[in-house]
>>> print(open('target_34.cif').read())   # mmCIF, N, CA and C atoms
data_entry
#
loop_
_atom_site.label_atom_id
_atom_site.label_comp_id
_atom_site.auth_asym_id
_atom_site.auth_seq_id
_atom_site.Cartn_x
_atom_site.Cartn_y
_atom_site.Cartn_z
N LEU W 1 -1.26 1.40 1.66
CA LEU W 1 -2.48 0.97 2.33
C LEU W 1 -2.39 1.42 3.78
N ASN W 2 -3.37 2.19 4.20
CA ASN W 2 -3.40 2.69 5.56
C ASN W 2 -4.69 2.21 6.22
N VAL W 3 -4.56 1.29 7.17
CA VAL W 3 -5.72 0.72 7.84
C VAL W 3 -5.66 1.12 9.31
N GLY W 4 -6.70 1.76 9.78
CA GLY W 4 -6.75 2.18 11.18
C GLY W 4 -7.08 1.03 12.11
N GLN W 5 -6.76 1.21 13.39
CA GLN W 5 -7.03 0.18 14.40
C GLN W 5 -8.51 -0.14 14.49
N GLY W 6 -9.36 0.88 14.25
CA GLY W 6 -10.79 0.68 14.33
C GLY W 6 -11.32 -0.26 13.26
N SER W 7 -10.55 -0.48 12.20
CA SER W 7 -10.93 -1.40 11.14
C SER W 7 -10.14 -2.70 11.21
N LEU W 8 -8.87 -2.60 11.53
CA LEU W 8 -7.98 -3.76 11.49
C LEU W 8 -8.36 -4.81 12.53
N TYR W 9 -8.47 -4.41 13.79
CA TYR W 9 -8.70 -5.40 14.84
C TYR W 9 -10.06 -6.08 14.74
N PRO W 10 -11.15 -5.35 14.43
CA PRO W 10 -12.41 -6.07 14.22
C PRO W 10 -12.32 -7.08 13.07
N ALA W 11 -11.60 -6.72 12.01
CA ALA W 11 -11.43 -7.65 10.89
C ALA W 11 -10.65 -8.89 11.33
N LEU W 12 -9.59 -8.69 12.09
CA LEU W 12 -8.81 -9.83 12.58
C LEU W 12 -9.66 -10.72 13.49
N TYR W 13 -10.49 -10.13 14.35
CA TYR W 13 -11.36 -10.92 15.23
C TYR W 13 -12.37 -11.72 14.41
N ARG W 14 -12.93 -11.11 13.33
CA ARG W 14 -13.87 -11.85 12.49
C ARG W 14 -13.17 -13.03 11.80
N LEU W 15 -11.96 -12.80 11.30
CA LEU W 15 -11.21 -13.89 10.65
C LEU W 15 -10.92 -15.01 11.65
N GLU W 16 -10.61 -14.62 12.87
CA GLU W 16 -10.34 -15.62 13.91
C GLU W 16 -11.62 -16.39 14.26
N ASP W 17 -12.76 -15.69 14.36
CA ASP W 17 -14.03 -16.35 14.65
C ASP W 17 -14.40 -17.36 13.57
N ARG W 18 -14.03 -17.04 12.32
CA ARG W 18 -14.32 -17.94 11.21
C ARG W 18 -13.29 -19.07 11.10
N ARG W 19 -12.29 -19.03 11.97
CA ARG W 19 -11.21 -20.03 12.01
C ARG W 19 -10.33 -20.00 10.77
N TRP W 20 -10.24 -18.81 10.15
CA TRP W 20 -9.36 -18.63 9.00
C TRP W 20 -7.96 -18.23 9.42
N ILE W 21 -7.83 -17.69 10.63
CA ILE W 21 -6.53 -17.37 11.20
C ILE W 21 -6.51 -17.85 12.65
N SER W 22 -5.32 -18.07 13.16
CA SER W 22 -5.16 -18.35 14.58
C SER W 22 -4.20 -17.31 15.14
N ALA W 23 -4.30 -17.07 16.43
CA ALA W 23 -3.48 -16.04 17.05
C ALA W 23 -2.81 -16.60 18.30
N GLU W 24 -1.61 -16.11 18.54
CA GLU W 24 -0.91 -16.47 19.78
C GLU W 24 -0.03 -15.31 20.19
N TRP W 25 0.15 -15.20 21.49
CA TRP W 25 1.02 -14.15 22.03
C TRP W 25 2.46 -14.63 22.02
N ARG W 26 3.36 -13.77 21.55
CA ARG W 26 4.80 -14.06 21.56
C ARG W 26 5.54 -12.85 22.09
N THR W 27 6.80 -13.04 22.36
CA THR W 27 7.64 -11.92 22.79
C THR W 27 8.45 -11.45 21.59
N SER W 28 8.37 -10.14 21.31
CA SER W 28 9.09 -9.58 20.17
C SER W 28 10.57 -9.46 20.49
N GLU W 29 11.35 -9.10 19.48
CA GLU W 29 12.79 -8.93 19.67
C GLU W 29 13.09 -7.80 20.65
N GLU W 30 12.14 -6.85 20.77
CA GLU W 30 12.32 -5.73 21.71
C GLU W 30 11.87 -6.10 23.11
N GLY W 31 11.39 -7.33 23.30
CA GLY W 31 10.96 -7.79 24.61
C GLY W 31 9.51 -7.47 24.93
N ARG W 32 8.76 -6.95 23.95
CA ARG W 32 7.35 -6.65 24.17
C ARG W 32 6.49 -7.82 23.73
N ARG W 33 5.34 -7.95 24.37
CA ARG W 33 4.39 -8.98 23.95
C ARG W 33 3.72 -8.53 22.67
N ALA W 34 3.58 -9.46 21.74
CA ALA W 34 2.94 -9.16 20.46
C ALA W 34 2.05 -10.34 20.07
N LYS W 35 0.88 -10.03 19.55
CA LYS W 35 -0.01 -11.07 19.07
C LYS W 35 0.36 -11.36 17.63
N VAL W 36 0.59 -12.63 17.32
CA VAL W 36 1.00 -13.05 15.99
C VAL W 36 -0.13 -13.89 15.38
N TYR W 37 -0.50 -13.54 14.16
CA TYR W 37 -1.58 -14.23 13.46
C TYR W 37 -1.01 -15.12 12.36
N THR W 38 -1.63 -16.30 12.21
CA THR W 38 -1.19 -17.27 11.22
C THR W 38 -2.41 -17.81 10.48
N LEU W 39 -2.28 -18.00 9.17
CA LEU W 39 -3.36 -18.62 8.41
C LEU W 39 -3.52 -20.08 8.82
N THR W 40 -4.76 -20.50 9.00
CA THR W 40 -5.06 -21.90 9.27
C THR W 40 -5.24 -22.62 7.93
N PRO W 41 -5.32 -23.94 7.94
CA PRO W 41 -5.62 -24.64 6.69
C PRO W 41 -6.93 -24.15 6.05
N GLN W 42 -7.96 -23.91 6.87
CA GLN W 42 -9.22 -23.35 6.35
C GLN W 42 -8.98 -21.98 5.75
N GLY W 43 -8.13 -21.19 6.41
CA GLY W 43 -7.82 -19.85 5.92
C GLY W 43 -7.10 -19.89 4.58
N LYS W 44 -6.22 -20.86 4.41
CA LYS W 44 -5.51 -21.00 3.14
C LYS W 44 -6.48 -21.35 2.01
N LYS W 45 -7.47 -22.21 2.30
CA LYS W 45 -8.48 -22.54 1.30
C LYS W 45 -9.31 -21.31 0.96
N GLN W 46 -9.68 -20.55 1.97
CA GLN W 46 -10.48 -19.35 1.74
C GLN W 46 -9.68 -18.32 0.95
N LEU W 47 -8.40 -18.18 1.28
CA LEU W 47 -7.55 -17.25 0.54
C LEU W 47 -7.48 -17.63 -0.94
N ALA W 48 -7.35 -18.92 -1.21
CA ALA W 48 -7.31 -19.37 -2.61
C ALA W 48 -8.62 -19.04 -3.32
N ALA W 49 -9.74 -19.23 -2.63
CA ALA W 49 -11.04 -18.91 -3.23
C ALA W 49 -11.17 -17.40 -3.48
N GLU W 50 -10.73 -16.59 -2.52
CA GLU W 50 -10.80 -15.14 -2.66
C GLU W 50 -9.90 -14.65 -3.80
N ARG W 51 -8.72 -15.25 -3.91
CA ARG W 51 -7.81 -14.89 -5.00
C ARG W 51 -8.44 -15.20 -6.35
N SER W 52 -9.06 -16.37 -6.44
CA SER W 52 -9.71 -16.77 -7.69
C SER W 52 -10.83 -15.79 -8.05
N ALA W 53 -11.64 -15.45 -7.07
CA ALA W 53 -12.74 -14.51 -7.31
C ALA W 53 -12.20 -13.14 -7.70
N TRP W 54 -11.12 -12.72 -7.05
CA TRP W 54 -10.53 -11.41 -7.38
C TRP W 54 -9.98 -11.41 -8.80
N ARG W 55 -9.32 -12.48 -9.18
CA ARG W 55 -8.76 -12.55 -10.53
C ARG W 55 -9.86 -12.49 -11.59
N ALA W 56 -10.97 -13.18 -11.33
CA ALA W 56 -12.09 -13.16 -12.28
C ALA W 56 -12.68 -11.75 -12.36
N PHE W 57 -12.87 -11.10 -11.22
CA PHE W 57 -13.40 -9.75 -11.20
C PHE W 57 -12.45 -8.78 -11.90
N SER W 58 -11.16 -8.91 -11.60
CA SER W 58 -10.15 -8.04 -12.19
C SER W 58 -10.09 -8.21 -13.71
N ALA W 59 -10.20 -9.44 -14.18
CA ALA W 59 -10.19 -9.70 -15.62
C ALA W 59 -11.41 -9.08 -16.29
N ALA W 60 -12.56 -9.16 -15.63
CA ALA W 60 -13.79 -8.57 -16.18
C ALA W 60 -13.65 -7.05 -16.27
N VAL W 61 -13.13 -6.42 -15.23
CA VAL W 61 -12.93 -4.98 -15.25
C VAL W 61 -11.94 -4.61 -16.34
N ASP W 62 -10.88 -5.39 -16.48
CA ASP W 62 -9.89 -5.13 -17.52
C ASP W 62 -10.51 -5.19 -18.91
N GLN W 63 -11.40 -6.15 -19.13
CA GLN W 63 -12.08 -6.24 -20.42
C GLN W 63 -12.95 -5.01 -20.68
N VAL W 64 -13.63 -4.54 -19.66
CA VAL W 64 -14.47 -3.36 -19.82
C VAL W 64 -13.60 -2.14 -20.14
N LEU W 65 -12.51 -2.00 -19.43
CA LEU W 65 -11.65 -0.84 -19.63
C LEU W 65 -10.97 -0.83 -21.00
N HIS W 66 -10.73 -2.01 -21.54
CA HIS W 66 -10.04 -2.10 -22.82
C HIS W 66 -10.96 -2.44 -23.98
N ALA W 67 -12.26 -2.35 -23.76
CA ALA W 67 -13.24 -2.62 -24.83
C ALA W 67 -13.17 -1.50 -25.87
N THR W 68 -13.32 -1.86 -27.11
CA THR W 68 -13.29 -0.84 -28.18
C THR W 68 -14.62 -0.71 -28.86
#
>>> encode(input="target_34.cif", output="structure tokens")
Amino acid sequence: LNVGQGSLYPALYRLEDRRWISAEWRTSEEGRRAKVYTLTPQGKKQLAAERSAWRAFSAAVDQVLHAT
């Protein structure tokens, strides 16, 4: 999976605006500042819903692909 900065950071900002992730600045092992993102409780609920929807979609596609 290769995601460019032009896609990644806007997506992270949208997730943060929706309160699905939180962000904080930390110092990395190399001594550089790094922004660290963490799932919020709301984000965990949303992730569970997205997983469920993905599994249903994936199962439907699998049925189509294996239909005889």
>>> atom_distance(input="target_34.cif", atom1="atom C of Asp17 of chain W", atom2="atom CA of Pro41 of chain W")
13.3 Å
>>> residues_around(input="target_34.cif", residues="Arg18 of chain W", least_positions_apart="6", cutoff="8 Å", atoms="all atoms listed in the file", output="PDB file with N, CA and C atoms, in the frame of the given file")
ATOM      1  N   LEU W  12      -9.590  -8.690  12.090  1.00  0.00           N
ATOM      2  CA  LEU W  12      -8.810  -9.830  12.580  1.00  0.00           C
ATOM      3  C   LEU W  12      -9.660 -10.720  13.490  1.00  0.00           C
ATOM      4  N   GLN W  42      -7.960 -23.910   6.870  1.00  0.00           N
ATOM      5  CA  GLN W  42      -9.220 -23.350   6.350  1.00  0.00           C
ATOM      6  C   GLN W  42      -8.980 -21.980   5.750  1.00  0.00           C
ATOM      7  N   GLY W  43      -8.130 -21.190   6.410  1.00  0.00           N
ATOM      8  CA  GLY W  43      -7.820 -19.850   5.920  1.00  0.00           C
ATOM      9  C   GLY W  43      -7.100 -19.890   4.580  1.00  0.00           C
TER      10      GLY W  43
END
>>> atom_distance(input="target_34.cif", atom1="atom CA of Arg26 of chain W", atom2="atom CA of Tyr9 of chain W")
17.4 Å
>>> residues_around(input="target_34.cif", residues="Ala34 of chain W", least_positions_apart="4", cutoff="6.5 Å", atoms="only N, CA and C atoms", output="ChimeraX atom specification")
/W:24-28
>>> select_by_dssp(input="target_34.cif", residues="chain W", states="strand (DSSP E or B)", output="VMD selection string")
chain W and resid 21 to 27 33 to 39
>>> atom_distance(input="target_34.cif", atom1="atom N of Lys45 of chain W", atom2="atom C of Pro10 of chain W")
19.2 Å
>>> select_by_dssp(input="target_34.cif", residues="chain W", states="alpha helix (DSSP H)", output="count of residues only")
38
>>> closest_residue(input="target_34.cif", among="W:Ala59, W:Ser22, W:Leu15, W:Val64", to="Gln46 of chain W", atoms="only C-alpha atoms")
W:Leu15
